[in-house]
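In what follows, a single structure is set out as structure tokens and then discussed.
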Number of protein chains: 2
Amino acid sequence: MTKAKSAPKHRLHTAELANEIEFLMARARAVGTAHANEVLAGLDLKARSYAVLSLAVGGAKPTQRELAEFLSLDASQIVALVDVLQDRGLVAREPDPNDRRSNVIVSTDAGRELYSRASVLVAQAEARSLSALSDEERNQLRILLSRVAL
Amino acid sequence: MTKAKSAPKHRLHTAELANEIEFLMARARAVGTAHANEVLAGLDLKARSYAVLSLAVGGAKPTQRELAEFLSLDASQIVALVDVLQDRGLVAREPDPNDRRSNVIVSTDAGRELYSRASVLVAQAEARSLSALSDEERNQLRILLSRVAL
DNA sequence: GTCAATAGTTTATTTTATCAACTAATTGCG
DNA sequence: CGCAATTAGTTGATAAAATAAACTATTGAC
């Protein structure tokens, strides 16, 4: 008979704070982002730029404002992110047919190619971050977070 | 018969990215921190300083290094956080009896008093952030995140 | 006792976040 | 229609936070 629980890594794990979801998410996200940035570094991407690239590749043709809202970023940060992806030839700004004020962000072939490599790395990083959970638990977590976040 | 699902707020909610836990946590945390900082502003605290205060009040007498690790922050940021809490008379640095290199962070009466007010506000903010979930689902989420984060 | 490692601190640098101002375009509405 | 208010994107300024090096005082291993 073996112990099922894996030992918490920290003496403070019983603190009241450890019951606050806000705090738990901060910690979980810290390791998650670290893992993601680690694997993405080889492709000169970060979690940030990967997210933008992903949405461009998705083909939904988001405007920059939509990207800003969806990624919880300020519009001015999207400008910078799109600028560098565009300079690298990974995405392009296209005029929005419905509104001449907006740009619609689309991916290039190079962008899709890079994304296809990046996404498998990100999936690996995520798997590593969630290694404490079973597949079913990972899905539960995904679903609960979606309800909170989307 | 009514629809159970609440409508996602964004046209991009079906993007691949929305399946990535990393992304979902970033979004969830964005609203969570916003709510928390909002209610804490009246007490001149932020999520950050509240976390430090909470761990001080808990009485575990954490060293600054332990705070840094537990909060996923750099040691130098702890210095700044403790500095202002100490200047406000909410916590104090005490010599660690076991290691003269370390300080142990304890709370003052004023710190405990402020924390008791802050913690109810934070609980309300959390409830607001998680309003999409039932009580049981909130606990499930807490447990899953603990397994990932702790 | 010497030496490598650690806790805390300071400082510098870079990255993110926040916000105001501006242009061009759109929308609402009298 | 035509004017007013709003919105998308951009720029620039400023504040907050993350990252990392260097330094002091300890500690712990040997």
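Chain labels follow the order of the structure tokens: the first chain is A, the next B, and so on; residue numbering restarts at 1 in every chain, and ligands are counted from 1 in their shown order.
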
Superposed chain B (ref. Chain A, all C-alpha pairs in order) as a CSV table (one decimal) with C-alpha atoms, in the first residue's frame:
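Contents of the output file out.csv:
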chain,number,residue,atom,x,y,z
B,1,MET,CA,-0.3,0.1,0.1
B,2,THR,CA,1.4,3.3,-1.0
B,3,LYS,CA,0.6,6.9,-0.2
B,4,ALA,CA,-1.4,8.4,-3.0
B,5,LYS,CA,-0.8,12.0,-2.3
B,6,SER,CA,2.4,13.6,-3.5
B,7,ALA,CA,4.0,15.7,-0.9
B,8,PRO,CA,3.6,19.5,-1.2
B,9,LYS,CA,6.8,21.2,-1.8
B,10,HIS,CA,6.5,23.9,0.7
B,11,ARG,CA,6.1,24.3,4.5
B,12,LEU,CA,3.6,27.0,4.0
B,13,HIS,CA,1.2,24.9,1.9
B,14,THR,CA,-1.3,24.8,4.8
B,15,ALA,CA,-1.5,28.6,5.0
B,16,GLU,CA,-5.0,30.1,4.6
B,17,LEU,CA,-3.7,31.7,1.4
B,18,ALA,CA,-3.4,28.3,-0.2
B,19,ASN,CA,-7.2,28.1,-0.3
B,20,GLU,CA,-7.5,31.2,-2.4
B,21,ILE,CA,-8.0,30.4,-6.1
B,22,GLU,CA,-6.4,33.7,-7.1
B,23,PHE,CA,-3.2,32.6,-5.4
B,24,LEU,CA,-3.3,29.1,-6.7
B,25,MET,CA,-3.7,30.4,-10.2
B,26,ALA,CA,-0.8,32.8,-9.8
B,27,ARG,CA,1.4,29.9,-8.8
B,28,ALA,CA,0.1,27.5,-11.4
B,29,ARG,CA,0.5,30.1,-14.1
B,30,ALA,CA,4.0,30.9,-13.0
B,31,VAL,CA,5.2,27.4,-13.7
B,32,GLY,CA,3.1,27.1,-16.7
B,33,THR,CA,4.4,30.2,-18.4
B,34,ALA,CA,7.9,29.3,-17.4
B,35,HIS,CA,7.6,25.9,-19.2
B,36,ALA,CA,5.9,27.4,-22.2
B,37,ASN,CA,8.5,30.2,-22.6
B,38,GLU,CA,11.2,27.7,-22.2
B,39,VAL,CA,10.2,25.5,-25.1
B,40,LEU,CA,9.1,28.6,-27.2
B,41,ALA,CA,12.5,30.3,-26.8
B,42,GLY,CA,14.0,28.2,-29.5
B,43,LEU,CA,11.5,29.5,-32.0
B,44,ASP,CA,11.9,33.1,-30.8
B,45,LEU,CA,8.4,33.2,-29.4
B,46,LYS,CA,6.9,33.7,-26.0
B,47,ALA,CA,3.5,32.7,-24.6
B,48,ARG,CA,2.3,36.2,-25.7
B,49,SER,CA,3.4,36.1,-29.3
B,50,TYR,CA,2.4,32.4,-29.5
B,51,ALA,CA,-1.1,33.3,-28.5
B,52,VAL,CA,-1.4,36.0,-31.1
B,53,LEU,CA,0.1,33.7,-33.8
B,54,SER,CA,-2.4,31.0,-32.8
B,55,LEU,CA,-5.4,33.2,-33.2
B,56,ALA,CA,-4.1,34.4,-36.5
B,57,VAL,CA,-3.5,30.9,-37.7
B,58,GLY,CA,-7.0,29.9,-36.5
B,59,GLY,CA,-8.4,31.9,-39.4
B,60,ALA,CA,-11.1,33.7,-37.5
B,61,LYS,CA,-9.5,37.0,-38.8
B,62,PRO,CA,-9.7,38.8,-35.5
B,63,THR,CA,-9.3,42.5,-35.3
B,64,GLN,CA,-6.6,43.9,-33.0
B,65,ARG,CA,-9.3,45.0,-30.7
B,66,GLU,CA,-10.6,41.5,-30.5
B,67,LEU,CA,-7.2,40.2,-29.8
B,68,ALA,CA,-6.7,42.7,-27.0
B,69,GLU,CA,-10.0,41.7,-25.4
B,70,PHE,CA,-9.5,38.0,-25.8
B,71,LEU,CA,-6.0,38.1,-24.5
B,72,SER,CA,-6.7,40.5,-21.7
B,73,LEU,CA,-4.2,42.9,-23.0
B,74,ASP,CA,-4.2,46.6,-23.8
B,75,ALA,CA,-4.7,47.5,-27.4
B,76,SER,CA,-1.3,49.2,-27.5
B,77,GLN,CA,0.4,46.0,-26.5
B,78,ILE,CA,-1.3,44.2,-29.4
B,79,VAL,CA,0.2,46.8,-31.8
B,80,ALA,CA,3.7,45.8,-30.6
B,81,LEU,CA,3.1,42.1,-30.7
B,82,VAL,CA,1.6,42.2,-34.2
B,83,ASP,CA,4.4,44.5,-35.3
B,84,VAL,CA,7.1,42.0,-34.6
B,85,LEU,CA,5.2,39.0,-35.9
B,86,GLN,CA,4.5,41.0,-39.0
B,87,ASP,CA,8.2,42.1,-39.4
B,88,ARG,CA,9.1,38.4,-39.1
B,89,GLY,CA,6.6,37.6,-41.9
B,90,LEU,CA,4.5,35.4,-39.7
B,91,VAL,CA,1.2,37.4,-39.8
B,92,ALA,CA,-0.2,40.3,-41.8
B,93,ARG,CA,-2.6,43.1,-41.2
B,94,GLU,CA,-5.4,43.1,-43.7
B,95,PRO,CA,-8.0,45.8,-44.1
B,96,ASP,CA,-11.3,44.8,-42.4
B,97,PRO,CA,-13.9,44.7,-45.2
B,98,ASN,CA,-16.5,45.7,-42.7
B,99,ASP,CA,-14.8,48.6,-41.0
B,100,ARG,CA,-12.0,50.6,-42.5
B,101,ARG,CA,-10.8,51.5,-39.0
B,102,SER,CA,-9.9,48.0,-38.2
B,103,ASN,CA,-7.2,45.6,-39.3
B,104,VAL,CA,-7.8,41.9,-39.5
B,105,ILE,CA,-4.9,39.7,-38.5
B,106,VAL,CA,-4.1,36.8,-40.7
B,107,SER,CA,-1.2,34.3,-40.8
B,108,THR,CA,1.2,33.8,-43.6
B,109,ASP,CA,2.4,30.4,-44.8
B,110,ALA,CA,5.5,30.9,-42.7
B,111,GLY,CA,3.3,31.7,-39.7
B,112,ARG,CA,1.3,28.5,-40.1
B,113,GLU,CA,4.5,26.5,-40.5
B,114,LEU,CA,6.0,28.0,-37.4
B,115,TYR,CA,2.8,27.6,-35.4
B,116,SER,CA,2.6,23.9,-36.3
B,117,ARG,CA,6.0,23.4,-34.8
B,118,ALA,CA,5.3,25.6,-31.8
B,119,SER,CA,1.9,24.1,-30.9
B,120,VAL,CA,3.4,20.6,-30.3
B,121,LEU,CA,6.0,22.1,-28.0
B,122,VAL,CA,3.4,24.1,-26.1
B,123,ALA,CA,1.4,20.9,-25.7
B,124,GLN,CA,4.4,19.2,-24.2
B,125,ALA,CA,5.0,22.1,-21.9
B,126,GLU,CA,1.4,22.0,-20.8
B,127,ALA,CA,1.6,18.3,-20.2
B,128,ARG,CA,4.7,18.9,-18.0
B,129,SER,CA,2.9,21.6,-16.0
B,130,LEU,CA,-0.1,19.3,-15.4
B,131,SER,CA,1.8,16.2,-14.7
B,132,ALA,CA,0.2,15.9,-11.3
B,133,LEU,CA,-3.2,15.4,-12.9
B,134,SER,CA,-4.7,12.5,-14.8
B,135,ASP,CA,-6.1,13.1,-18.3
B,136,GLU,CA,-9.6,13.2,-17.0
B,137,GLU,CA,-8.6,15.7,-14.3
B,138,ARG,CA,-6.9,17.9,-16.9
B,139,ASN,CA,-10.1,18.0,-18.8
B,140,GLN,CA,-12.1,18.8,-15.7
B,141,LEU,CA,-9.7,21.6,-15.0
B,142,ARG,CA,-10.0,22.9,-18.6
B,143,ILE,CA,-13.8,22.9,-18.4
B,144,LEU,CA,-14.0,24.6,-15.0
B,145,LEU,CA,-11.5,27.3,-16.1
B,146,SER,CA,-13.4,27.8,-19.4
B,147,ARG,CA,-16.5,28.5,-17.4
B,148,VAL,CA,-14.7,31.1,-15.3
B,149,ALA,CA,-12.6,32.6,-18.1
B,150,LEU,CA,-14.6,32.6,-21.2

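The residues of chain A that DSSP classifies as strand (DSSP E), using the backbone of this structure, are A:Val91, A:Ala92, A:Arg93, A:Glu94, A:Pro95, A:Asn103, A:Val104, A:Ile105, A:Val106, A:Ser107.
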
Pick out the chain D residues within 10 Å of chain B. Count only C-alpha atoms (C1' of nucleotides). Give them as JSON, numbers by chain. {"D": [17, 18, 19, 25, 26, 27]}

Produce a file of the selected residues containing N, CA and C atoms (P, O5', C5', C4', C3', O3' and C1' of nucleotides), as an mmCIF file, in the first residue's frame.
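Contents of the output file selection.cif:
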data_model
loop_
_atom_site.group_PDB
_atom_site.id
_atom_site.type_symbol
_atom_site.label_atom_id
_atom_site.label_comp_id
_atom_site.auth_asym_id
_atom_site.auth_seq_id
_atom_site.Cartn_x
_atom_site.Cartn_y
_atom_site.Cartn_z
ATOM 1 P P DA D 17 2.888 46.163 -9.029
ATOM 2 O "O5'" DA D 17 3.820 45.174 -9.872
ATOM 3 C "C5'" DA D 17 3.409 44.806 -11.180
ATOM 4 C "C4'" DA D 17 4.521 44.061 -11.861
ATOM 5 C "C3'" DA D 17 5.219 43.012 -10.976
ATOM 6 O "O3'" DA D 17 5.039 41.754 -11.600
ATOM 7 C "C1'" DA D 17 6.785 44.346 -12.162
ATOM 8 P P DA D 18 5.778 40.431 -11.098
ATOM 9 O "O5'" DA D 18 7.055 40.400 -12.063
ATOM 10 C "C5'" DA D 18 6.816 40.314 -13.459
ATOM 11 C "C4'" DA D 18 8.112 40.013 -14.184
ATOM 12 C "C3'" DA D 18 8.929 38.846 -13.624
ATOM 13 O "O3'" DA D 18 9.442 38.123 -14.732
ATOM 14 C "C1'" DA D 18 10.238 40.809 -13.621
ATOM 15 P P DT D 19 10.438 36.862 -14.547
ATOM 16 O "O5'" DT D 19 11.879 37.536 -14.580
ATOM 17 C "C5'" DT D 19 12.246 38.256 -15.739
ATOM 18 C "C4'" DT D 19 13.729 38.524 -15.722
ATOM 19 C "C3'" DT D 19 14.579 37.423 -15.072
ATOM 20 O "O3'" DT D 19 15.656 37.157 -15.959
ATOM 21 C "C1'" DT D 19 15.088 39.521 -14.119
ATOM 22 P P DA D 25 29.459 42.964 6.393
ATOM 23 O "O5'" DA D 25 28.556 41.767 6.933
ATOM 24 C "C5'" DA D 25 27.176 42.005 7.123
ATOM 25 C "C4'" DA D 25 26.508 40.692 7.443
ATOM 26 C "C3'" DA D 25 27.230 39.877 8.517
ATOM 27 O "O3'" DA D 25 26.258 39.474 9.454
ATOM 28 C "C1'" DA D 25 26.867 38.555 6.578
ATOM 29 P P DT D 26 26.667 38.674 10.733
ATOM 30 O "O5'" DT D 26 26.872 37.222 10.187
ATOM 31 C "C5'" DT D 26 26.169 36.197 10.785
ATOM 32 C "C4'" DT D 26 25.585 35.285 9.703
ATOM 33 C "C3'" DT D 26 25.759 33.841 10.067
ATOM 34 O "O3'" DT D 26 24.586 33.403 10.733
ATOM 35 C "C1'" DT D 26 26.142 34.269 7.742
ATOM 36 P P DT D 27 24.708 32.215 11.729
ATOM 37 O "O5'" DT D 27 24.804 30.970 10.736
ATOM 38 C "C5'" DT D 27 23.764 30.787 9.790
ATOM 39 C "C4'" DT D 27 24.207 29.777 8.746
ATOM 40 C "C3'" DT D 27 24.630 28.436 9.341
ATOM 41 O "O3'" DT D 27 23.627 27.504 9.011
ATOM 42 C "C1'" DT D 27 26.072 29.172 7.568
#

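For the atom pair formed by C1' of DA29 (chain D) and C1' of DA5 (chain C), the distance is 9.8 Å, given to one decimal.
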
Expected answer as number ranges by chain: alpha helix (DSSP H) residues in region 23-141 of chain B: B: 23-41, 47-57, 64-70, 75-87, 109-129, 135-141

Can you work out which residues from chain C touch chain A at a cut-off of 9 Å (counting only C-alpha atoms (C1' of nucleotides)) and hand them back as a compact mmCIF listing (two decimals) with C-alpha atoms (C1' of nucleotides), in the first residue's frame?
# COMPACT_ATOMS: atom_id res chain seq x y z
C1' DT C 16 4.66 44.68 -18.84
C1' DA C 17 0.96 47.41 -17.57
C1' DT C 18 -1.66 51.71 -17.61
C1' DA C 24 -9.25 58.19 -39.22
C1' DA C 25 -13.40 56.02 -39.66
C1' DT C 26 -18.04 54.72 -38.16

Excluding DC23 (chain D) and any residue of its chain fewer than 6 positions from it, enumerate the residues within 12 Å of it, using only C-alpha atoms (C1' of nucleotides), and give them as a PDB file with N, CA and C atoms (P, O5', C5', C4', C3', O3' and C1' of nucleotides), in the first residue's frame.
ATOM      1  P    DG C   8      15.585  35.625   4.139  1.00  0.00           P
ATOM      2  O5'  DG C   8      16.248  37.041   3.819  1.00  0.00           O
ATOM      3  C5'  DG C   8      16.879  37.725   4.879  1.00  0.00           C
ATOM      4  C4'  DG C   8      17.714  38.867   4.341  1.00  0.00           C
ATOM      5  C3'  DG C   8      16.890  39.956   3.641  1.00  0.00           C
ATOM      6  O3'  DG C   8      16.932  41.111   4.461  1.00  0.00           O
ATOM      7  C1'  DG C   8      18.916  39.422   2.476  1.00  0.00           C
ATOM      8  P    DT C   9      16.024  42.390   4.063  1.00  0.00           P
ATOM      9  O5'  DT C   9      16.956  43.191   3.051  1.00  0.00           O
ATOM     10  C5'  DT C   9      18.221  43.641   3.515  1.00  0.00           C
ATOM     11  C4'  DT C   9      19.052  44.178   2.366  1.00  0.00           C
ATOM     12  C3'  DT C   9      18.363  45.259   1.531  1.00  0.00           C
ATOM     13  O3'  DT C   9      18.910  46.514   1.943  1.00  0.00           O
ATOM     14  C1'  DT C   9      19.727  43.763   0.227  1.00  0.00           C
ATOM     15  P    DT C  10      18.317  47.849   1.294  1.00  0.00           P
ATOM     16  O5'  DT C  10      19.172  47.991  -0.046  1.00  0.00           O
ATOM     17  C5'  DT C  10      20.578  48.144   0.055  1.00  0.00           C
ATOM     18  C4'  DT C  10      21.191  48.202  -1.335  1.00  0.00           C
ATOM     19  C3'  DT C  10      20.561  49.254  -2.264  1.00  0.00           C
ATOM     20  O3'  DT C  10      21.595  50.148  -2.654  1.00  0.00           O
ATOM     21  C1'  DT C  10      20.838  47.172  -3.371  1.00  0.00           C
ATOM     22  P    DT C  11      21.277  51.456  -3.473  1.00  0.00           P
ATOM     23  O5'  DT C  11      21.475  50.972  -4.988  1.00  0.00           O
ATOM     24  C5'  DT C  11      22.701  50.377  -5.386  1.00  0.00           C
ATOM     25  C4'  DT C  11      22.569  49.851  -6.810  1.00  0.00           C
ATOM     26  C3'  DT C  11      21.815  50.796  -7.749  1.00  0.00           C
ATOM     27  O3'  DT C  11      22.726  51.280  -8.727  1.00  0.00           O
ATOM     28  C1'  DT C  11      21.150  48.507  -8.009  1.00  0.00           C
TER      29       DT C  11
END

Pick out the residues sitting within 12 Å of DG2 (chain D), and hand them over as a tab-separated table (two decimals) with N, CA and C atoms (P, O5', C5', C4', C3', O3' and C1' of nucleotides), in the first residue's frame; count only C-alpha atoms (C1' of nucleotides), and ignore anything fewer than 5 positions along from it in its own chain.
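What ended up in selection-v4.tsv:
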chain	number	residue	atom	x	y	z
C	28	DG	P	-25.47	52.36	-34.71
C	28	DG	O5'	-25.97	53.72	-34.03
C	28	DG	C5'	-25.22	54.28	-32.97
C	28	DG	C4'	-25.86	55.59	-32.52
C	28	DG	C3'	-27.39	55.61	-32.66
C	28	DG	O3'	-27.89	56.33	-31.54
C	28	DG	C1'	-26.44	57.32	-34.01
C	29	DC	P	-29.46	56.46	-31.32
C	29	DC	O5'	-29.75	57.90	-31.92
C	29	DC	C5'	-28.88	58.99	-31.58
C	29	DC	C4'	-29.36	60.25	-32.26
C	29	DC	C3'	-30.86	60.23	-32.58
C	29	DC	O3'	-31.39	61.52	-32.35
C	29	DC	C1'	-29.67	60.63	-34.54
C	30	DG	P	-32.85	61.69	-31.83
C	30	DG	O5'	-33.15	63.22	-32.15
C	30	DG	C5'	-32.31	64.22	-31.59
C	30	DG	C4'	-32.09	65.32	-32.62
C	30	DG	C3'	-33.40	65.77	-33.27
C	30	DG	O3'	-33.74	67.08	-32.80
C	30	DG	C1'	-31.73	65.25	-34.93
